[in-house]
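Structure first, commentary second.
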Amino acid sequence: MELAARLARAAGDLVHEGRPDHVDVAATKSSAVDPVTEMDLAAEALLRSLLAEHRPDDAILGEEGDFHPGSSGLTWVLDPIDGTVNYLYGIPAYAVSVAVVAGGPDPATWTAVAGAVHSVTDGRTWTAGRGLGSYLDGRPLRANAARPLAESLVGTGFGYTLARRTEQGRLVAEVLPLVRDIRRIGAASLDLCSIATGGLDLYYERGLKPWDLAAGALIAQEAGAVVTGLHGAPASEQMLVAGPPASVAALVAFLEQHGAASGA
Ligand code: IPD
C-alpha cells in the first residue's frame, strides 16, 4: 500500500510539473477521441522503472505499454493518467492509479491486494490494503449509507467508441429520471474514490479497463461499499456497479431489466 502510494505520487509530480499550457495528443487508441499524451507515456515509463527497481519479480499491466510478465504471482496495474481528456483540457479531475493484484491480469479473477489513487491537481491520495481499510491522506474512510435511488447521486462514464457511446447514452437516459442526479467526473478511479469518501452514492460504468478500476474498486470496497457486475458476475469490463449494498442491489436490478450488459 505504501509503495503504491509512493509510485502514484511520483508519477503525479511528473504529470503535474510537465503539463504545458496546451497539451498535445501524442496518439489516439480505440477511436479518434481516445487520446494519449506524451505525459501518459512518460508517467508510465517512470512507474515501470520504479517497479523494476523495487519489485523486479512482479508482472506489470499498464494502460500505455505491453504486459510485462513476472515470477512472483503479483501484478501491478497502472493507469499513469486516468482522466486523460480532463488533463488535455486542464479540467482538474485526473489521477494516477496504481494497484497490485494477485492472480491478474483479469479483474474477474484477480484479488486486489493494495492500491493508491493520487489526484494530481489537489494532491490528495487515497490508499487501501485488502483487510486494512481505505484512507484519504491517512484518514480512514466510510462510504455513504444506502439511500433510495431517488435520493442517490450517481456517477457514470462513457467509453470512446461510437457503438459503446450510443449504448451508454440509451442507458443513461433510462437512469437519469430515477435518481437525484448524474455526474460524469471523467476519471473512473476518482469516481470509485468518491464512493469511498461519500462524494457519490452510486457509480456504474460499462467498458472499464483493468487499469481504470483496479485501485479504485479496492478503495471503495475497503470503505464498506460493494463493487460488482450484473447477473452475479464480478465487476469487469462488462459492467461495474459500486455503492452501499442495498442501493447497489436496486441499481443492479434496474440495469439488468434494461439489458445493460448486452450490446456494445
Ligand atoms: C477513462 C476515464 C473515464 C471513463 C473511461 C476511461 P482514461 O480513462 O476513466 O472517466 O469514463 O471509461 O477510459 O482514458 O482517461 O485513462
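FYI, nothing fancy with the C-alpha cells labels: chains A, B, ... in order, residues from 1 per chain, ligands from 1 as they appear.
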
Please identify which residues in region 53-169 of chain A DSSP calls strand (DSSP E) from the backbone, and express them as a ChimeraX atom specification.
/A:59-62,74-82,95-102,111-119,125-129,133-136,139-140,153-155

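For Glu38 (chain A), the non-local neighbours within 9 Å, defined as residues at least 6 positions apart in the same chain or in other chains and counting only C-alpha atoms, are Val23, Asp24, Val25, Ala26 and Ala27 of chain A.
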
Atoms to include: C-alpha atoms. Write the selected residues as a PDB file, in the first residue's frame.
```
ATOM      1  CA  VAL A  23      -1.199  19.616 -24.105  1.00  0.00           C
ATOM      2  CA  ASP A  24      -0.673  17.863 -27.443  1.00  0.00           C
ATOM      3  CA  VAL A  25      -2.165  14.485 -28.261  1.00  0.00           C
ATOM      4  CA  ALA A  26       0.725  12.077 -28.981  1.00  0.00           C
ATOM      5  CA  ALA A  27      -1.505   9.347 -30.448  1.00  0.00           C
TER       6      ALA A  27
END
```

Would you pick out the contacts of Trp76 (chain A) at 6 Å or less, using only C-alpha atoms, so that residues sharing its chain but fewer than 5 positions from it are not included, and give the list as a ChimeraX atom specification?
/A:60,99-100

Within-9 Å residues of ligand 1, basis only C-alpha atoms and all ligand atoms, as a ChimeraX atom specification
/A:34-36,40,63,79-87,94-95,156-160,184-191,205-209,211-213

Kindly give the distance, in Å, that separates CA of Ala196 (chain A) and CA of Leu41 (chain A), rounded to a single decimal.
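Separation between CA of Ala196 (chain A) and CA of Leu41 (chain A): 28.6 Å.
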
Write out as a PyMOL selection string all residues of region 140-186 of chain A that DSSP puts in helix (DSSP H, G or I) for this structure's backbone.
chain A and resi 149-151+162-178

At a cut-off of 7 Å, using only C-alpha atoms, what residues contact Ala11 (chain A)? Leave out same-chain residues fewer than 2 positions from it and give the result as a list in words.
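Surrounding residues, per the criterion: Leu7, Ala8, Arg9, Asp13, Leu14, Val15, Ala43, Leu46, Leu47, Pro80 and Val96 of chain A.
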